[in-house]
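Notes for the one structure printed next.
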Amino acid sequence: MTAPSIPSHSHLDDLEAESIFIFREVAASFRHPVMLYSIGKDSSVLLHLLRKAFYPARPPMPLLHVDTTWKFREMIAFRDQVVAAGDVEVLVHINQDGVRQGISPQTHGATVHTDVMKTVALKQALDQYGFDAAIGGARRDEEKSRAKERIFSFRNAQHRWDPRSQRPEFWHTYNTHIRKGESVRVFPLSNWTEMDVWQYIQREGISVVPLYFAKPRPVVERDGALIMVDDERFVLREGETVQMRDVRFRTLGCYPLTGAVESSADTLAKIIDEMASSRSSERQGRVIDQDPTASMERKKQEGYF
Amino acid sequence: MLLPTDMTDTSPAPGLLRFITCGSVDDGKSSLLGRLLYDAGMLPDDQLAALARDSRRQHADAGDVLDFSLLTDGLDAERQQGITIDVAYRYFHTARRSFIVADCPGHEQYTRNMATGASNAELAVVLVDARKGLLPQTRRHTYICGLLGIRQVVLAVNKMDLVDYDQAVYAAIAAQYRELAQEMGIVEVHCLPVVALTGDNVGARSSRMPWYTGDSLLELLESVEVTPFRAADFRMPVQWVNRPDHSFRGYAGTICGGRVSCGDEVVVQPGGQRARIERIVSADGDLPDAADGQAVTLCLDREIDVSRGDVIADALRPAPVADQFTCHLLWMGDAALLPNRTYWLKIGTRTVNARVMSIKYKVDVNSQARLAARHLALNEVGYCALGLDDAIAFEAYARNRTLGGFILIDRQSNATVACGMLDF
Ligand SMILES: Nc1nc2c(ncn2[C@@H]2O[C@H](COP(=O)(O)OP(=O)(O)O)[C@@H](O)[C@H]2O)c(=O)[nH]1
């Protein structure tokens with residue numbers, strides 16, 4: 001793969017305009033929209049587009065971070081900088097039932113942890129605040145079931161996605177009509193690729209969590225992945241030793257479930273170069289996706305983003 | 001990774017191409033698209049490994065052949081039934097161009113999903129099986145493409161290996177297709193013979209069909225020029241009134257035709273109030289002018305009443321305004337279209353009440369014969385008279401997709417029950 005060269009009016013301009021249109025359509029059509037903010041690079045791009053869409057006004061919707069309590073510390077520090085910027089309200093939701101039960105990816109495994117602390121937590125927050133539209137950063141190039149999802153994706157009152165009865169979606173004429181209790185998930189980055197995201201971050205000077213850039217970090221090798229030891233809760237298994245290695249992350253999530261890649265790419269330009277010559281896909285580092293191929297489809301039907 | 005084309009090519013990049021692929025079940029559409037991604041160097045190792053594993057599972061007897069059709073069959077429901085139900089979007093690029101592919105189902109039952117894919121596409125790749133030639137489905141797919149405004153089609157005659165790479169077979173199909181496409185209003189047709197399975201004429205030209213001297217499919221897609229599907233006159237549907245405080249009032253929207261500069265006189269439609277453009281605001285600073293496709297915020301030089309759904313247009317060449325139309329409707333509701341029932345009609349950013357007053361005729365999507373009709377059922381196309389509660393600014397669909405294309409929404413179920421293309 002070569003990085004496509006970017007002329008003055010590029011496909012990035014088209015993608016940006018399409019995303020801004022989607023943000024505005026949400027703000028104009030729903031009573032109580034929210035933008036899901038997961039702190040990763042896609043969320044950074046979303047936030048940038050949110051600000052652009054409504055400039056010079058402040059963003060007319062809050063951000064919601066569903067905190068599983070197992071995010072990398074640098075992610076939380078980055079989120080707190082966004083809060084400090086002060087132009088947008090940031091809501092943080094933690095599933096307190098899960099905390100009381102002591103749910104953790106280490107003792108309960110990836111599937112239970114993700115279900116309780118992410119999927120259930122998200123549904124709790126959406127119900128608690130009564131959001132009728134939730135904007136997320138998922139891209140169609142990430143995964144097979146996402147490739148088939150609409151930009152405005154209808155959810156019933158139980159937050160379920162029904163892949164068999166999706167509303168047809170013509171042009172950019174989105175059907176935003178829903179009944180009370182129902183909601184939509186909206187994906188303004190549907191047509192962006194991972195390469196587009198990085199090239200846009202570079203072009204626009206968007207800041208991202210430093211974990212995307214290579215540097216020596218403490219990691220252990222586990223089940224073929226490099227897992228970073230981010231705090232004292234990390235329990236070493238027998239035979240595991242912590243080593244310092246030059247690594248970076250292609251996607252960010254809960255630290256015990258997120259694999260690092262060995263890399264020396266410590267600038268945006270190097271990340272883009274590395275990706276252009278890379279032979280593996282982005283979600284490979286995500287432990288939760290290595291269930292059967294159809295797992296994402298099932299999780300989405302149950303209300304996962 | 002593999003470089004599909006000659007890297008020394010210095011011609012300017014022609015930009016993003018959105019295209020759809022359509023064909024009947026088993027024509028080899030999934031194989032062709034998978035092969036195209038492979039030849040463009042877009043399949044990462046882990047995906048190739050998963051594909052090899054899936055291929056072995058599906059074809060225990062076929063050795064290590066990669067079955068590219070398994071790449072694009074996304075949903076569980078589809079895998080179980082072995083068919084494509086919904087549009088799948090795929091992304092790839094070469095050094096010359098970025099592509100968005102909407103892989104559309106071919107079955108008549110899913111015509112609405114194919115039309116969904118076609119609505120945002122500039123070009124269609126239509127597939128036929130060389131052994132079968134043109135089928136009723138080929139007519140239907142081409143008709144839907146034409147209806148949704150696609151002007152360019154690439155006909156890929158697949159499975160040439162099964163007709164001994166015979167030029168005469170190919171030439172007959174290509175000639176027939178050119179005739180058919182012309183009937184459907186397709187302006188430009190490119191034909192080529194391919195073998196999706198082995199990639200002949202997909203990424204590179206095939207040595208097994210030396211009689212074919214044109215471009216490979218990938219070369220064709222890289223170089224094809226897309227004529228913009230757009231009216232030249234300035235139009236912008238107002239999406240959002242931006243009013244952070246009393247000192248600022250702007251109208252946010254995406255320009256859907258022409259260009260606008262500061263100082264230009266505009267008219268707000270359908271009301272008809274005039275004003276001049278004072279500022280073109282963007283988060284990157286004010287702009288002197290802006291063009292089709294840009295998302296901007298316009299400030300006017302005087303206070304007039306403008307709200308979401310209005311269209312800001314060139315004052316010298318405004319859009320027509322009307323409350324009665326004729327249009328083509330593609331019906332997508334599970335329940336039939338009932339004339340005189342009220343639906344919501346959404347066009348651009350405007351939503352109004354609408355009724356279908358009469359169905360002049362329906363079109364058999366396979367033969368294009370015009371038939372008398374009292375109602376329209378799922379996946380049927382009709383030519384209808386439409387009445388709205390309020391007048392709107394619009395354009396004929398052939399001039400402007402945004403101001404000529406609309407959807408109908410059922411007021412009880414909220415389902416999207418039709419898409420329509422305005423005539424006049
Ligand atoms: N011999 C031959 N078989 C092909 C060719 N293209 C596809 N096939 C086979 O035709 C069948 C249907 O292909 P598939 O891509 O799934 O078709 P789709 O239903 O149109 O997506 C599969 O068994 C393919 O292996 C070709 O060019 N030559």
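Note on naming: chains are A, B, ... as they come in the structure tokens, residues start from 1 per chain, ligands start from 1 in the order shown.
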task = Name the residues in contact with region 357-363 of chain B at a cut-off of 12 Å, using only C-alpha atoms, excluding same-chain residues fewer than 5 positions from it; report them as a PyMOL selection string.
result = chain B and resi 140+143-144+147+324-331+337-343+368-377+379-388
Those residues with N, CA and C atoms, as a CSV table (one decimal), in the first residue's frame please?
```csv
chain,number,residue,atom,x,y,z
B,140,ARG,N,-32.5,-5.0,-15.3
B,140,ARG,CA,-33.0,-4.4,-14.1
B,140,ARG,C,-31.9,-3.5,-13.4
B,143,TYR,N,-31.2,-0.5,-15.4
B,143,TYR,CA,-32.3,0.5,-15.3
B,143,TYR,C,-32.2,1.2,-14.0
B,144,ILE,N,-32.0,0.5,-12.9
B,144,ILE,CA,-31.9,1.2,-11.6
B,144,ILE,C,-30.7,2.1,-11.5
B,147,LEU,N,-31.8,5.2,-13.4
B,147,LEU,CA,-32.9,5.9,-12.7
B,147,LEU,C,-32.2,6.7,-11.6
B,324,GLN,N,-46.4,21.0,-6.7
B,324,GLN,CA,-46.9,19.8,-7.4
B,324,GLN,C,-45.8,19.3,-8.4
B,325,PHE,N,-45.6,18.1,-8.5
B,325,PHE,CA,-44.5,17.5,-9.3
B,325,PHE,C,-44.9,16.2,-10.0
B,326,THR,N,-44.1,15.9,-11.0
B,326,THR,CA,-44.1,14.5,-11.4
B,326,THR,C,-42.8,13.9,-11.1
B,327,CYS,N,-42.8,12.6,-10.7
B,327,CYS,CA,-41.5,12.0,-10.3
B,327,CYS,C,-41.5,10.5,-10.5
B,328,HIS,N,-40.3,10.0,-10.5
B,328,HIS,CA,-40.2,8.5,-10.4
B,328,HIS,C,-40.1,8.1,-8.9
B,329,LEU,N,-40.9,7.1,-8.5
B,329,LEU,CA,-40.8,6.7,-7.1
B,329,LEU,C,-40.3,5.2,-7.2
B,330,LEU,N,-39.4,4.9,-6.3
B,330,LEU,CA,-39.0,3.5,-6.1
B,330,LEU,C,-39.6,3.1,-4.7
B,331,TRP,N,-40.6,2.3,-4.7
B,331,TRP,CA,-41.3,2.0,-3.5
B,331,TRP,C,-40.5,0.9,-2.6
B,337,LEU,N,-47.8,1.3,-1.5
B,337,LEU,CA,-48.0,2.8,-1.6
B,337,LEU,C,-49.5,3.0,-1.7
B,338,LEU,N,-50.1,3.8,-0.9
B,338,LEU,CA,-51.5,4.1,-1.0
B,338,LEU,C,-51.6,5.6,-1.5
B,339,PRO,N,-52.2,5.7,-2.7
B,339,PRO,CA,-52.4,7.1,-3.2
B,339,PRO,C,-53.3,7.9,-2.2
B,340,ASN,N,-53.0,9.1,-2.1
B,340,ASN,CA,-53.7,10.0,-1.2
B,340,ASN,C,-53.5,9.9,0.3
B,341,ARG,N,-52.7,8.9,0.7
B,341,ARG,CA,-52.2,8.9,2.1
B,341,ARG,C,-51.1,9.9,2.2
B,342,THR,N,-51.0,10.5,3.4
B,342,THR,CA,-50.0,11.6,3.6
B,342,THR,C,-48.7,10.9,4.2
B,343,TYR,N,-47.6,11.3,3.6
B,343,TYR,CA,-46.3,10.8,4.1
B,343,TYR,C,-45.5,12.1,4.3
B,368,GLN,N,-38.9,-3.0,-18.5
B,368,GLN,CA,-39.2,-1.5,-18.6
B,368,GLN,C,-40.5,-1.2,-19.3
B,369,ALA,N,-41.4,-2.2,-19.4
B,369,ALA,CA,-42.7,-2.0,-20.0
B,369,ALA,C,-43.5,-1.1,-19.0
B,370,ARG,N,-44.3,-0.2,-19.6
B,370,ARG,CA,-45.2,0.6,-18.7
B,370,ARG,C,-46.5,0.0,-18.5
B,371,LEU,N,-46.9,-0.1,-17.3
B,371,LEU,CA,-48.1,-0.8,-16.9
B,371,LEU,C,-49.1,0.1,-16.1
B,372,ALA,N,-50.4,-0.1,-16.3
B,372,ALA,CA,-51.3,0.6,-15.5
B,372,ALA,C,-51.2,0.1,-14.0
B,373,ALA,N,-51.4,1.0,-13.0
B,373,ALA,CA,-51.3,0.5,-11.7
B,373,ALA,C,-52.1,1.4,-10.7
B,374,ARG,N,-52.7,0.7,-9.7
B,374,ARG,CA,-53.4,1.4,-8.7
B,374,ARG,C,-52.6,1.6,-7.4
B,375,HIS,N,-51.6,0.7,-7.2
B,375,HIS,CA,-50.7,0.9,-6.1
B,375,HIS,C,-49.3,0.4,-6.5
B,376,LEU,N,-48.3,0.7,-5.6
B,376,LEU,CA,-47.0,0.3,-5.9
B,376,LEU,C,-46.6,-0.6,-4.7
B,377,ALA,N,-46.1,-1.8,-5.1
B,377,ALA,CA,-45.6,-2.7,-4.0
B,377,ALA,C,-44.1,-2.6,-3.9
B,379,ASN,N,-40.3,-2.6,-4.0
B,379,ASN,CA,-39.4,-2.7,-5.1
B,379,ASN,C,-40.0,-2.4,-6.5
B,380,GLU,N,-41.2,-1.8,-6.5
B,380,GLU,CA,-41.8,-1.4,-7.8
B,380,GLU,C,-41.5,0.1,-8.0
B,381,VAL,N,-41.4,0.4,-9.3
B,381,VAL,CA,-41.1,1.8,-9.7
B,381,VAL,C,-42.3,2.3,-10.4
B,382,GLY,N,-42.7,3.5,-10.0
B,382,GLY,CA,-43.9,4.2,-10.7
B,382,GLY,C,-43.5,5.6,-11.1
B,383,TYR,N,-44.3,6.0,-12.1
B,383,TYR,CA,-44.2,7.5,-12.5
B,383,TYR,C,-45.5,8.1,-11.9
B,384,CYS,N,-45.3,9.1,-11.0
B,384,CYS,CA,-46.4,9.5,-10.2
B,384,CYS,C,-46.5,11.1,-10.2
B,385,ALA,N,-47.7,11.5,-9.9
B,385,ALA,CA,-48.0,12.9,-9.6
B,385,ALA,C,-48.0,13.1,-8.1
B,386,LEU,N,-47.3,14.1,-7.6
B,386,LEU,CA,-47.1,14.3,-6.2
B,386,LEU,C,-47.6,15.7,-5.8
B,387,GLY,N,-48.3,15.8,-4.7
B,387,GLY,CA,-48.7,17.1,-4.2
B,387,GLY,C,-48.2,17.3,-2.8
B,388,LEU,N,-47.7,18.5,-2.5
B,388,LEU,CA,-47.1,18.9,-1.2
B,388,LEU,C,-48.0,19.9,-0.5
```
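Considering only C-alpha atoms and all ligand atoms, every residue of the polymer chains approaching ligand 1 to 8 Å or closer is listed here: Gly23, Ser24, Val25, Asp26, Asp27, Gly28, Lys29, Ser30, Ser31, Leu32, Asp67, Phe68, Ser69, Leu70, Ile83, Thr84, Gly106, Leu127, Asn158, Lys159, Met160, Asp161, Leu162, Val194, Val195, Ala196, Leu197, Thr198 and Gly199 of chain B.
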ask   = Out of region 118-194 of chain B, which residues get helix (DSSP H, G or I) from DSSP, as a VMD selection string?
value = chain B and resid 118 to 119 136 to 147 160 to 163 167 to 183
key: Secondary structure check, strand (DSSP E) residues of region 214-243 of chain B, as a ChimeraX atom specification   = /B:235-237,240-242
Take the residues just selected and output them with all heavy atoms as a compact mmCIF listing (two decimals), in the first residue's frame.
```
# COMPACT_ATOMS: atom_id res chain seq x y z
N ARG B 235 -26.47 26.91 -5.10
CA ARG B 235 -27.57 26.45 -4.23
C ARG B 235 -26.99 25.98 -2.90
O ARG B 235 -26.00 25.26 -2.90
CB ARG B 235 -28.27 25.22 -4.85
CG ARG B 235 -28.76 25.37 -6.28
CD ARG B 235 -30.06 26.15 -6.32
NE ARG B 235 -30.56 26.23 -7.68
CZ ARG B 235 -30.45 27.32 -8.45
NH1 ARG B 235 -29.83 28.40 -8.00
NH2 ARG B 235 -30.97 27.32 -9.66
N MET B 236 -27.63 26.36 -1.81
CA MET B 236 -27.25 25.78 -0.52
C MET B 236 -28.47 25.62 0.38
O MET B 236 -29.07 26.60 0.81
CB MET B 236 -26.21 26.63 0.22
CG MET B 236 -25.64 25.89 1.44
SD MET B 236 -24.66 26.92 2.57
CE MET B 236 -25.97 27.54 3.64
N PRO B 237 -28.85 24.36 0.66
CA PRO B 237 -29.93 24.13 1.63
C PRO B 237 -29.45 24.48 3.04
O PRO B 237 -28.37 24.07 3.44
CB PRO B 237 -30.21 22.63 1.53
CG PRO B 237 -29.48 22.15 0.31
CD PRO B 237 -28.33 23.10 0.11
N TRP B 240 -28.71 24.48 9.46
CA TRP B 240 -28.61 24.81 10.89
C TRP B 240 -28.39 26.31 10.99
O TRP B 240 -27.54 26.85 10.27
CB TRP B 240 -27.42 24.04 11.46
CG TRP B 240 -26.90 24.47 12.79
CD1 TRP B 240 -25.87 25.34 13.03
CD2 TRP B 240 -27.34 24.03 14.08
NE1 TRP B 240 -25.65 25.47 14.36
CE2 TRP B 240 -26.53 24.67 15.03
CE3 TRP B 240 -28.34 23.16 14.51
CZ2 TRP B 240 -26.69 24.48 16.40
CZ3 TRP B 240 -28.49 22.96 15.87
CH2 TRP B 240 -27.68 23.60 16.80
N VAL B 241 -29.19 26.97 11.81
CA VAL B 241 -28.98 28.40 12.01
C VAL B 241 -28.03 28.55 13.18
O VAL B 241 -28.30 28.09 14.29
CB VAL B 241 -30.32 29.12 12.28
CG1 VAL B 241 -30.06 30.61 12.53
CG2 VAL B 241 -31.26 28.92 11.10
N ASN B 242 -26.89 29.16 12.91
CA ASN B 242 -25.84 29.26 13.92
C ASN B 242 -25.94 30.62 14.60
O ASN B 242 -25.71 31.67 13.98
CB ASN B 242 -24.47 29.10 13.23
CG ASN B 242 -23.36 28.87 14.24
OD1 ASN B 242 -23.47 29.25 15.41
ND2 ASN B 242 -22.29 28.22 13.78
```
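If you count only C-alpha atoms and ignore residues fewer than 6 places along the chain from Ile151 (chain A), what sits within 10 Å of it is Ile22, Ile135, Ala138, Arg139, Arg140, Glu169, His172, Tyr174, Val184, Arg185, Val186, Phe187, Pro188, Leu189, Ser190 and Asn191 of chain A.
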Counting only C-alpha atoms, which residues of chain B sit at most 6 Å from some atom of chain A, and what is each one's closest atom pair with its distance in Å to one decimal, listed by chain and rising residue number, as CSV?
```
residue,atom,partner,partner_atom,distance
B:Met1,CA,A:Met1,CA,5.0
B:Leu16,CA,A:His11,CA,5.8
B:Gly41,CA,A:Met1,CA,5.7
B:Pro44,CA,A:Arg279,CA,4.6
B:Asp45,CA,A:Arg279,CA,5.2
B:Asp46,CA,A:Ser280,CA,5.6
B:Gly74,CA,A:Lys144,CA,5.1
B:Leu75,CA,A:Ser145,CA,5.9
B:Val87,CA,A:Lys148,CA,5.9
B:Ala88,CA,A:Lys148,CA,4.6
B:Tyr89,CA,A:Ala147,CA,5.1
B:Ala95,CA,A:Pro4,CA,5.1
B:Thr116,CA,A:Phe170,CA,5.2
B:Ser119,CA,A:Trp171,CA,5.3
B:Asn120,CA,A:Trp171,CA,5.3
B:Pro244,CA,A:Ala57,CA,4.8
B:Ala283,CA,A:Lys52,CA,5.2
B:Gln294,CA,A:Ala17,CA,5.8
B:Ala295,CA,A:Ala17,CA,5.2
B:Asn414,CA,A:His177,CA,5.7
```
Could those selected residues go to a file with N, CA, C and O atoms, as a compact mmCIF listing (two decimals), in the first residue's frame?
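Saved as result00.txt:
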```txt
# COMPACT_ATOMS: atom_id res chain seq x y z
N MET B 1 4.08 -3.22 -0.20
CA MET B 1 2.96 -3.92 -0.82
C MET B 1 3.01 -3.86 -2.34
O MET B 1 3.76 -3.07 -2.91
N LEU B 16 -11.35 11.16 -5.73
CA LEU B 16 -12.14 10.05 -5.20
C LEU B 16 -13.14 9.54 -6.23
O LEU B 16 -13.80 10.33 -6.91
N GLY B 41 -3.33 -4.38 -3.57
CA GLY B 41 -2.44 -4.50 -2.41
C GLY B 41 -3.10 -4.10 -1.11
O GLY B 41 -2.44 -3.67 -0.18
N PRO B 44 -4.39 -6.97 4.10
CA PRO B 44 -3.31 -7.20 5.06
C PRO B 44 -3.14 -8.69 5.37
O PRO B 44 -4.04 -9.48 5.14
N ASP B 45 -1.96 -9.02 5.89
CA ASP B 45 -1.61 -10.42 6.14
C ASP B 45 -2.61 -11.16 7.01
O ASP B 45 -2.97 -12.29 6.71
N ASP B 46 -3.07 -10.49 8.08
CA ASP B 46 -3.98 -11.21 8.98
C ASP B 46 -5.30 -11.50 8.29
O ASP B 46 -5.92 -12.53 8.50
N GLY B 74 -20.50 -10.33 4.50
CA GLY B 74 -20.30 -9.85 5.86
C GLY B 74 -21.12 -10.51 6.94
O GLY B 74 -20.58 -11.12 7.85
N LEU B 75 -22.42 -10.40 6.87
CA LEU B 75 -23.23 -10.70 8.03
C LEU B 75 -23.50 -12.20 8.17
O LEU B 75 -23.56 -12.93 7.20
N VAL B 87 -25.97 -3.75 1.25
CA VAL B 87 -24.81 -3.11 0.65
C VAL B 87 -23.63 -3.20 1.61
O VAL B 87 -23.78 -2.94 2.80
N ALA B 88 -22.47 -3.59 1.10
CA ALA B 88 -21.26 -3.55 1.92
C ALA B 88 -20.33 -2.51 1.32
O ALA B 88 -20.14 -2.48 0.10
N TYR B 89 -19.78 -1.69 2.15
CA TYR B 89 -18.87 -0.66 1.65
C TYR B 89 -17.43 -1.11 1.83
O TYR B 89 -17.07 -1.69 2.85
N ALA B 95 -1.90 4.45 -5.93
CA ALA B 95 -1.14 5.69 -5.88
C ALA B 95 -1.89 6.81 -6.59
O ALA B 95 -1.67 7.98 -6.32
N THR B 116 -29.91 2.06 -2.87
CA THR B 116 -29.19 2.79 -1.82
C THR B 116 -27.73 3.01 -2.23
O THR B 116 -27.22 4.11 -2.16
N SER B 119 -27.29 5.49 -5.16
CA SER B 119 -27.64 6.91 -4.98
C SER B 119 -26.42 7.79 -4.77
O SER B 119 -26.46 8.97 -5.08
N ASN B 120 -25.35 7.23 -4.23
CA ASN B 120 -24.15 8.05 -4.01
C ASN B 120 -23.01 7.70 -4.96
O ASN B 120 -21.88 8.14 -4.76
N PRO B 244 -24.71 31.82 18.17
CA PRO B 244 -24.14 31.67 19.50
C PRO B 244 -24.47 32.84 20.43
O PRO B 244 -24.62 32.65 21.63
N ALA B 283 -14.20 27.34 10.03
CA ALA B 283 -13.36 27.28 11.22
C ALA B 283 -11.90 27.60 10.89
O ALA B 283 -11.11 27.93 11.77
N GLN B 294 -18.67 22.06 -0.48
CA GLN B 294 -18.06 22.60 0.74
C GLN B 294 -19.12 22.84 1.82
O GLN B 294 -20.20 23.34 1.53
N ALA B 295 -18.76 22.53 3.08
CA ALA B 295 -19.64 22.79 4.22
C ALA B 295 -19.21 24.12 4.83
O ALA B 295 -18.09 24.24 5.32
N ASN B 414 -42.45 5.47 10.87
CA ASN B 414 -41.17 6.17 10.65
C ASN B 414 -40.25 5.47 9.65
O ASN B 414 -39.09 5.84 9.51
```
ask   = Contacts of Pro288 (chain B) at 9 Å or less, counting only C-alpha atoms, minus same-chain residues fewer than 3 places along, as a PyMOL selection string?
value = chain B and resi 260-262+279-280
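The two atoms in question, CA of Tyr110 (chain B) and CA of Ile85 (chain B), are spaced 6.4 Å apart.
Residue nearest Tyr177 (chain B) within the list B:His246, B:Glu122, B:Gln58, B:Leu155: B:Leu155 [criterion: smallest interatomic distance, only C-alpha atoms].
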query = Do you know which residues are at most 10 Å from Pro105 (chain A) counting only C-alpha atoms, after dropping those on the same chain fewer than 4 positions away, and could you put them as JSON, numbers by chain?
reply = {"A": [68, 70, 109, 110, 111, 112, 113, 114, 117, 254, 255, 256, 257]}
inquiry  = Report as number ranges by chain all protein, DNA and RNA residues lying within 12 Å of Ser44 (chain A), evaluated on only C-alpha atoms, omitting residues in the same chain fewer than 6 positions from it.
reply    = A: 35-38, 50-51, 63, 75, 78-79, 82, 136-137, 189, 197-198, 200-202, 204-209
Convert the current residue selection to file output with N, CA, C and O atoms, as a CSV table (one decimal), in the first residue's frame.
```
chain,number,residue,atom,x,y,z
A,35,MET,N,-22.1,13.0,21.8
A,35,MET,CA,-21.0,12.4,21.1
A,35,MET,C,-20.2,11.5,22.0
A,35,MET,O,-19.7,11.9,23.0
A,36,LEU,N,-20.1,10.2,21.6
A,36,LEU,CA,-19.3,9.2,22.4
A,36,LEU,C,-17.9,9.6,22.2
A,36,LEU,O,-17.4,9.7,21.1
A,37,TYR,N,-17.2,9.7,23.3
A,37,TYR,CA,-15.8,10.1,23.2
A,37,TYR,C,-15.0,9.0,23.9
A,37,TYR,O,-15.0,8.8,25.1
A,38,SER,N,-14.1,8.3,23.1
A,38,SER,CA,-13.4,7.2,23.6
A,38,SER,C,-11.9,7.5,23.7
A,38,SER,O,-11.1,6.6,24.1
A,50,LEU,N,-16.5,18.2,15.2
A,50,LEU,CA,-17.6,18.7,15.9
A,50,LEU,C,-17.4,20.2,16.1
A,50,LEU,O,-18.3,21.0,15.9
A,51,ARG,N,-16.2,20.6,16.5
A,51,ARG,CA,-15.9,22.0,16.7
A,51,ARG,C,-16.0,22.8,15.4
A,51,ARG,O,-16.6,23.9,15.4
A,63,LEU,N,-20.0,15.6,25.3
A,63,LEU,CA,-19.3,14.3,25.0
A,63,LEU,C,-19.6,13.4,26.2
A,63,LEU,O,-19.8,13.8,27.3
A,75,MET,N,-4.4,8.0,28.7
A,75,MET,CA,-5.7,8.3,28.0
A,75,MET,C,-6.5,9.2,29.0
A,75,MET,O,-7.1,10.2,28.5
A,78,PHE,N,-5.2,12.6,29.0
A,78,PHE,CA,-5.5,13.3,27.7
A,78,PHE,C,-7.0,13.8,27.8
A,78,PHE,O,-7.3,14.9,27.4
A,79,ARG,N,-7.8,12.9,28.3
A,79,ARG,CA,-9.2,13.3,28.4
A,79,ARG,C,-9.4,14.5,29.3
A,79,ARG,O,-10.1,15.5,29.1
A,82,VAL,N,-8.9,17.7,27.6
A,82,VAL,CA,-10.1,18.1,26.8
A,82,VAL,C,-11.1,18.8,27.7
A,82,VAL,O,-11.6,19.8,27.4
A,136,GLY,N,-20.7,8.2,17.1
A,136,GLY,CA,-19.5,7.4,17.4
A,136,GLY,C,-18.6,7.5,16.3
A,136,GLY,O,-18.9,7.9,15.2
A,137,GLY,N,-17.3,7.0,16.5
A,137,GLY,CA,-16.3,7.2,15.6
A,137,GLY,C,-16.0,5.9,14.7
A,137,GLY,O,-14.9,5.9,14.1
A,189,LEU,N,-17.7,9.2,10.6
A,189,LEU,CA,-16.4,8.7,9.9
A,189,LEU,C,-16.6,7.4,9.1
A,189,LEU,O,-15.6,6.8,8.8
A,197,VAL,N,-7.6,9.0,8.4
A,197,VAL,CA,-7.6,9.5,9.7
A,197,VAL,C,-6.2,10.1,10.1
A,197,VAL,O,-6.1,11.2,10.5
A,198,TRP,N,-5.2,9.3,9.8
A,198,TRP,CA,-3.8,9.8,10.1
A,198,TRP,C,-3.4,11.0,9.3
A,198,TRP,O,-2.8,11.9,9.7
A,200,TYR,N,-5.4,13.1,8.0
A,200,TYR,CA,-6.1,14.3,8.4
A,200,TYR,C,-5.6,14.9,9.7
A,200,TYR,O,-5.5,16.1,9.9
A,201,ILE,N,-5.2,14.0,10.6
A,201,ILE,CA,-4.6,14.4,11.9
A,201,ILE,C,-3.3,15.2,11.6
A,201,ILE,O,-3.1,16.3,12.2
A,202,GLN,N,-2.6,14.8,10.6
A,202,GLN,CA,-1.3,15.5,10.3
A,202,GLN,C,-1.6,16.8,9.7
A,202,GLN,O,-1.1,17.8,10.0
A,204,GLU,N,-4.3,18.7,9.9
A,204,GLU,CA,-5.0,19.6,10.7
A,204,GLU,C,-4.3,19.9,12.0
A,204,GLU,O,-4.7,20.8,12.8
A,205,GLY,N,-3.2,19.2,12.3
A,205,GLY,CA,-2.5,19.4,13.5
A,205,GLY,C,-3.3,19.0,14.8
A,205,GLY,O,-3.3,19.7,15.8
A,206,ILE,N,-4.0,17.9,14.7
A,206,ILE,CA,-4.8,17.5,15.8
A,206,ILE,C,-4.0,16.7,16.8
A,206,ILE,O,-3.2,15.9,16.4
A,207,SER,N,-4.2,17.0,18.1
A,207,SER,CA,-3.4,16.2,19.0
A,207,SER,C,-4.0,14.9,19.4
A,207,SER,O,-5.3,14.8,19.4
A,208,VAL,N,-3.2,13.9,19.6
A,208,VAL,CA,-3.7,12.6,20.0
A,208,VAL,C,-2.9,12.1,21.2
A,208,VAL,O,-1.8,12.6,21.5
A,209,VAL,N,-3.4,11.1,21.8
A,209,VAL,CA,-2.8,10.5,23.0
A,209,VAL,C,-1.3,10.0,22.6
A,209,VAL,O,-1.2,9.4,21.6
```
ask   = Just how far from CA of Gln124 (chain A) is CA of Asp97 (chain A), in Å to one decimal?
value = 10.6 Å
query = CA of Glu274 (chain A) and CA of Thr258 (chain A), how far apart in Å?
reply = 19.3 Å
